[in-house]
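Contents: one structure, followed by commentary.
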Amino acid sequence: MKIALAGNPNSGKTTLFNMITGKAEYVGNWPGVTVDKKMARLKRTYRSETGGRGHACRKRKGLHPECGHCGGKTCQGQHGRNRIDVVDLPGAYSIEPYTGEEAITRDFILNEAPDVLINILDTSSLERSLYFTTQLLELGLPMVIALNKQDVVTRNGDKLDVLLLEKLLGCPVVPVTANEGAGLDMLVEKTIRAADGSGPAAPKIPGRGTPSESTGRQQFIKNILSHCFSKAHSASEITLSDKIDRIAAHAVFGLPIFALIMWAVYSFSINGLGGWASGYVNDILFGKLVPDAAHTFFTSIGVNPLLQSMIIDGALGGVGAVLGFLPLIMVLFFCLALLDDSGYMARVAVVMDRYFKQIGLSGKSIIPMIVGSGCSIPGVMAARTIENRNERIVTIMLTPFVPCGAKLPIIALMSVVFFPGATWVFPAVYLIAGLLIVVGGKFLKRVFQFESAGSFIIELPAYKLPSLKHAFTQMMKQAKAFIFKASTIILVMNTLIWFMQAYGWRLQPVEDQQASILASIGGVLAPLLLPLGLVGWQMAASILTGFIAKENVVATLAVILSASEETMAIAGGPLTALFTPITAFSFLLFNLFTPPCFAAISAMNMELGGRRWLFRALAFQLGTGYMLAMLVTQFGTLLFTGRFAIGAIPASVLFIAISILIFILTRKKNKEAPSELIQV
Amino acid sequence: MPLFKAKPGEVNRIRSVSCTDKVRQFLFTLGCSAGEEITLVSVLAGTFIVAIKDSRYAIDMNFAKSIDLV
């Protein structure tokens, strides 16, 4: 059986989904968090809600002429195993889609024919929610209505006659508070019972099928509510949220407040608790305890030294270098989840709207970027909520500039080794990211001659006290994903990298890393890094592995440098042999602002809808990251040491070439404009 | 009177919404259409915070211009 969850944005579909399936999908207190459908099995505890019938089904595994569950008609496969899937869908205000993610919802409901719908309503905005509800009722699918956020209704003192509403709509209605789990047993029970029956009768909308249908629908809803709903407060009363907004989204203070909040979150995560815990894990746990224990263990059972080296220096060393930053990432995601849950993120969109208008975008574009600070893949996908195609393309191109969770270890590593004690590295990186988004946005607008037709609307949910439990769940989910990645793709890559740096092309162990497979592959690409002041195959190799997963940049450096018997993540560690502080910063920027990992690139490909735009996006990102790293090395070195950096000559040539290219690209528009004037 | 000239805190009725069909349809589903009530709650950072039905929305000048009040 398939249960689909449908309802308005931010009505709590994903919260309900997580509760009844035991998943931990991303939830936020702002509209448009879910942009794709997700499916999972109903939790066992809820499956017993099906009562005797469900159990009979499961026991008989397929042979059951008298199975009550489906009347014995189709009781095979999914039915027979009592398999109940729940599908979470993106929020929609109406069955006619306005944005891309709403179309996903419509297509699923109309084409995939779920066995039963749960329509989730935010009871605190009942009138609007019922518009979609009446449309869903017309589809004739079995349906149950979940009146969510009952706690808010009780607090507001509104009165709703649920039984009467049920009667007027002709469909079962269950009051729930999804985030506390209240009413969910009853909801699941009624849903499963409804799936057996036929769908509700279509509501009698006045003027159905005529142009006045939608007005008739609004009238129908008003009529129903006048019978069963009375509000304690008028919607136009100034609430506490409105008062907070006057400060949080203030014309002058809005942006500094946002900057201050972000700075506090990051400095607590990176220099505060998270940084301290990461320092411990890096230095003590993965620096001494684990390698020593592994060494003793492998020596005691007489493992071949080469194999020992592969496991300790390759697999463990690389994975350890990444896992060391796990505490930092956990603290950061905990703080971001709290912020997310409070409802503040929708206000950030309001504050940023003015600034984003300058580069042809709107406040909506900040949401993919905030999501992208966790991972670029959902960030890029979140761009679906943007209705205008040009704005969507530019947002997808710019979102990967926001450093994702996987890039944090690179920033943290370079910061610890080359700028010990400095608190400016993280803020500087985010400031540069912000500047690149502004400059990049202007550039793209100019080159592709996008007109900013953008109009901006976002629903502002009321503020609420963030839930610690929710933040903890989100943090553990991120931690699990991080550990999973480290113990699979990064582990495999590290073992491979270890092998490639220890063996030559004829598969013979090499004494000198310079003769290894890795050195020769890195060596091919190394000349391209010369204008950035980066000399050596090691950097090229780690940049390359970074495209598989950005954590690999750190892991690969750890494997390559493992010979030095020292922990990598300490001030003045072995990395100083490869970088000066300036080239280290430049290397960092290069990894942050060139194209993201392959997984994110494929998400970009999907969302941009074709190779043509993908190539443009990649060329833009590669050009930006390369140019920035080059400028930092060349000007930085000249400024701080008074000498020219390595590769100054090719860098100058490139700089001139790129400048000409930018000039030509941005001039095209000016050239075409007069020719149009002549025609007129 | 266009929405952006409304007095904050005052409940107004919408006379008409003038924009593309797609946007009008979308605004309609939110309850922002001729004959419905709308309240300008405040003007923040160049965007207009409005109350339509029981929800708050932030809309920009482009939207605010297209909504005409009685």
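Ordering of the structure tokens sets the chain letters (A, B, ...), residue numbers begin anew at 1 in every chain, and ligands are numbered from 1 in the order given.
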
Give as a ChimeraX atom specification every residue of chain A that touches chain B within 7 Å, counting only C-alpha atoms.
-> /A:93-94,98,124-125,127-128,131,235-236,246,249-251,350-351,354,455-460

Only N, CA, C and O atoms, please: the residues just picked out, written as a JSON list (two decimals), in the first residue's frame.
[["chain", "number", "residue", "atom", "x", "y", "z"],
["A", 93, "TYR", "N", 0.52, 24.73, -2.90],
["A", 93, "TYR", "CA", -0.64, 25.52, -2.48],
["A", 93, "TYR", "C", -1.87, 25.11, -3.27],
["A", 93, "TYR", "O", -2.99, 25.41, -2.90],
["A", 94, "SER", "N", -1.64, 24.47, -4.42],
["A", 94, "SER", "CA", -2.75, 24.15, -5.30],
["A", 94, "SER", "C", -2.33, 23.01, -6.21],
["A", 94, "SER", "O", -1.15, 22.70, -6.34],
["A", 98, "TYR", "N", 2.92, 26.06, -9.57],
["A", 98, "TYR", "CA", 3.51, 27.37, -9.84],
["A", 98, "TYR", "C", 5.02, 27.21, -10.00],
["A", 98, "TYR", "O", 5.63, 27.81, -10.86],
["A", 124, "SER", "N", -3.37, 26.55, 11.75],
["A", 124, "SER", "CA", -3.32, 27.99, 11.99],
["A", 124, "SER", "C", -3.49, 28.80, 10.70],
["A", 124, "SER", "O", -3.62, 30.01, 10.74],
["A", 125, "SER", "N", -3.47, 28.14, 9.53],
["A", 125, "SER", "CA", -3.90, 28.85, 8.31],
["A", 125, "SER", "C", -4.85, 27.94, 7.54],
["A", 125, "SER", "O", -4.58, 27.53, 6.42],
["A", 127, "GLU", "N", -7.98, 28.34, 6.31],
["A", 127, "GLU", "CA", -8.74, 28.76, 5.13],
["A", 127, "GLU", "C", -7.94, 28.55, 3.85],
["A", 127, "GLU", "O", -8.43, 28.00, 2.88],
["A", 128, "ARG", "N", -6.66, 28.99, 3.90],
["A", 128, "ARG", "CA", -5.82, 28.82, 2.71],
["A", 128, "ARG", "C", -5.61, 27.35, 2.41],
["A", 128, "ARG", "O", -5.67, 26.93, 1.25],
["A", 131, "TYR", "N", -8.10, 25.18, 0.33],
["A", 131, "TYR", "CA", -8.19, 25.35, -1.12],
["A", 131, "TYR", "C", -7.63, 24.11, -1.81],
["A", 131, "TYR", "O", -8.27, 23.51, -2.68],
["A", 235, "ALA", "N", -6.35, 38.07, 12.16],
["A", 235, "ALA", "CA", -5.04, 37.82, 11.54],
["A", 235, "ALA", "C", -4.23, 39.10, 11.39],
["A", 235, "ALA", "O", -3.02, 39.05, 11.25],
["A", 236, "SER", "N", -4.94, 40.24, 11.41],
["A", 236, "SER", "CA", -4.19, 41.47, 11.18],
["A", 236, "SER", "C", -3.61, 42.07, 12.46],
["A", 236, "SER", "O", -2.92, 43.07, 12.43],
["A", 246, "ARG", "N", 10.47, 43.25, 13.00],
["A", 246, "ARG", "CA", 10.83, 44.66, 12.81],
["A", 246, "ARG", "C", 12.30, 44.89, 13.11],
["A", 246, "ARG", "O", 12.91, 45.83, 12.60],
["A", 249, "ALA", "N", 14.41, 41.86, 10.42],
["A", 249, "ALA", "CA", 14.42, 42.18, 8.99],
["A", 249, "ALA", "C", 14.47, 43.70, 8.79],
["A", 249, "ALA", "O", 13.93, 44.23, 7.83],
["A", 250, "HIS", "N", 15.14, 44.38, 9.69],
["A", 250, "HIS", "CA", 15.24, 45.83, 9.61],
["A", 250, "HIS", "C", 16.08, 46.25, 8.40],
["A", 250, "HIS", "O", 17.04, 45.56, 8.02],
["A", 251, "ALA", "N", 15.70, 47.37, 7.79],
["A", 251, "ALA", "CA", 16.37, 47.81, 6.57],
["A", 251, "ALA", "C", 17.88, 47.99, 6.78],
["A", 251, "ALA", "O", 18.68, 47.65, 5.93],
["A", 350, "VAL", "N", 14.10, 37.67, 3.28],
["A", 350, "VAL", "CA", 13.54, 39.02, 3.19],
["A", 350, "VAL", "C", 14.66, 40.06, 3.22],
["A", 350, "VAL", "O", 14.69, 40.99, 2.41],
["A", 351, "VAL", "N", 15.60, 39.87, 4.14],
["A", 351, "VAL", "CA", 16.71, 40.82, 4.26],
["A", 351, "VAL", "C", 17.55, 40.85, 2.99],
["A", 351, "VAL", "O", 17.95, 41.91, 2.51],
["A", 354, "ARG", "N", 16.69, 42.64, -1.22],
["A", 354, "ARG", "CA", 17.14, 43.92, -1.77],
["A", 354, "ARG", "C", 18.51, 43.80, -2.45],
["A", 354, "ARG", "O", 18.75, 44.34, -3.51],
["A", 455, "SER", "N", 10.07, 38.62, -9.28],
["A", 455, "SER", "CA", 9.21, 39.15, -8.24],
["A", 455, "SER", "C", 9.30, 38.15, -7.10],
["A", 455, "SER", "O", 9.46, 36.95, -7.32],
["A", 456, "PHE", "N", 9.21, 38.66, -5.90],
["A", 456, "PHE", "CA", 9.57, 37.86, -4.74],
["A", 456, "PHE", "C", 8.41, 37.76, -3.76],
["A", 456, "PHE", "O", 7.80, 38.76, -3.40],
["A", 457, "ILE", "N", 8.09, 36.52, -3.38],
["A", 457, "ILE", "CA", 7.09, 36.32, -2.34],
["A", 457, "ILE", "C", 7.52, 35.13, -1.51],
["A", 457, "ILE", "O", 7.97, 34.11, -2.04],
["A", 458, "ILE", "N", 7.44, 35.25, -0.21],
["A", 458, "ILE", "CA", 7.75, 34.11, 0.66],
["A", 458, "ILE", "C", 6.83, 34.17, 1.87],
["A", 458, "ILE", "O", 6.52, 35.24, 2.38],
["A", 459, "GLU", "N", 6.40, 32.98, 2.28],
["A", 459, "GLU", "CA", 5.55, 32.91, 3.46],
["A", 459, "GLU", "C", 6.45, 33.03, 4.69],
["A", 459, "GLU", "O", 7.53, 32.45, 4.74],
["A", 460, "LEU", "N", 6.02, 33.80, 5.67],
["A", 460, "LEU", "CA", 6.80, 33.95, 6.90],
["A", 460, "LEU", "C", 6.14, 33.15, 8.01],
["A", 460, "LEU", "O", 5.12, 33.56, 8.54]]

Enumerate, as a short mmCIF file (atom, residue, chain, number, x, y, z; two decimals) with C-alpha atoms, in the first residue's frame, the complete set of residues in chain B that a backbone-based DSSP assignment places in alpha helix (DSSP H).
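The result, written out as result.cif:
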data_model
loop_
_atom_site.label_atom_id
_atom_site.label_comp_id
_atom_site.auth_asym_id
_atom_site.auth_seq_id
_atom_site.Cartn_x
_atom_site.Cartn_y
_atom_site.Cartn_z
CA ASP B 21 -2.26 34.73 -15.50
CA LYS B 22 0.13 32.27 -13.89
CA VAL B 23 1.06 34.61 -11.06
CA ARG B 24 -2.54 35.69 -10.59
CA GLN B 25 -3.61 32.06 -10.30
CA PHE B 26 -0.86 31.49 -7.73
CA LEU B 27 -1.84 34.53 -5.69
CA PHE B 28 -5.43 33.40 -5.91
CA THR B 29 -4.63 30.10 -4.20
CA LEU B 30 -3.13 32.08 -1.33
CA MET B 61 7.60 46.06 -4.71
CA ASN B 62 6.74 44.25 -7.98
CA PHE B 63 3.96 42.35 -6.24
CA ALA B 64 2.92 45.26 -4.07
CA LYS B 65 2.45 47.41 -7.18
CA SER B 66 0.19 44.87 -8.86
#
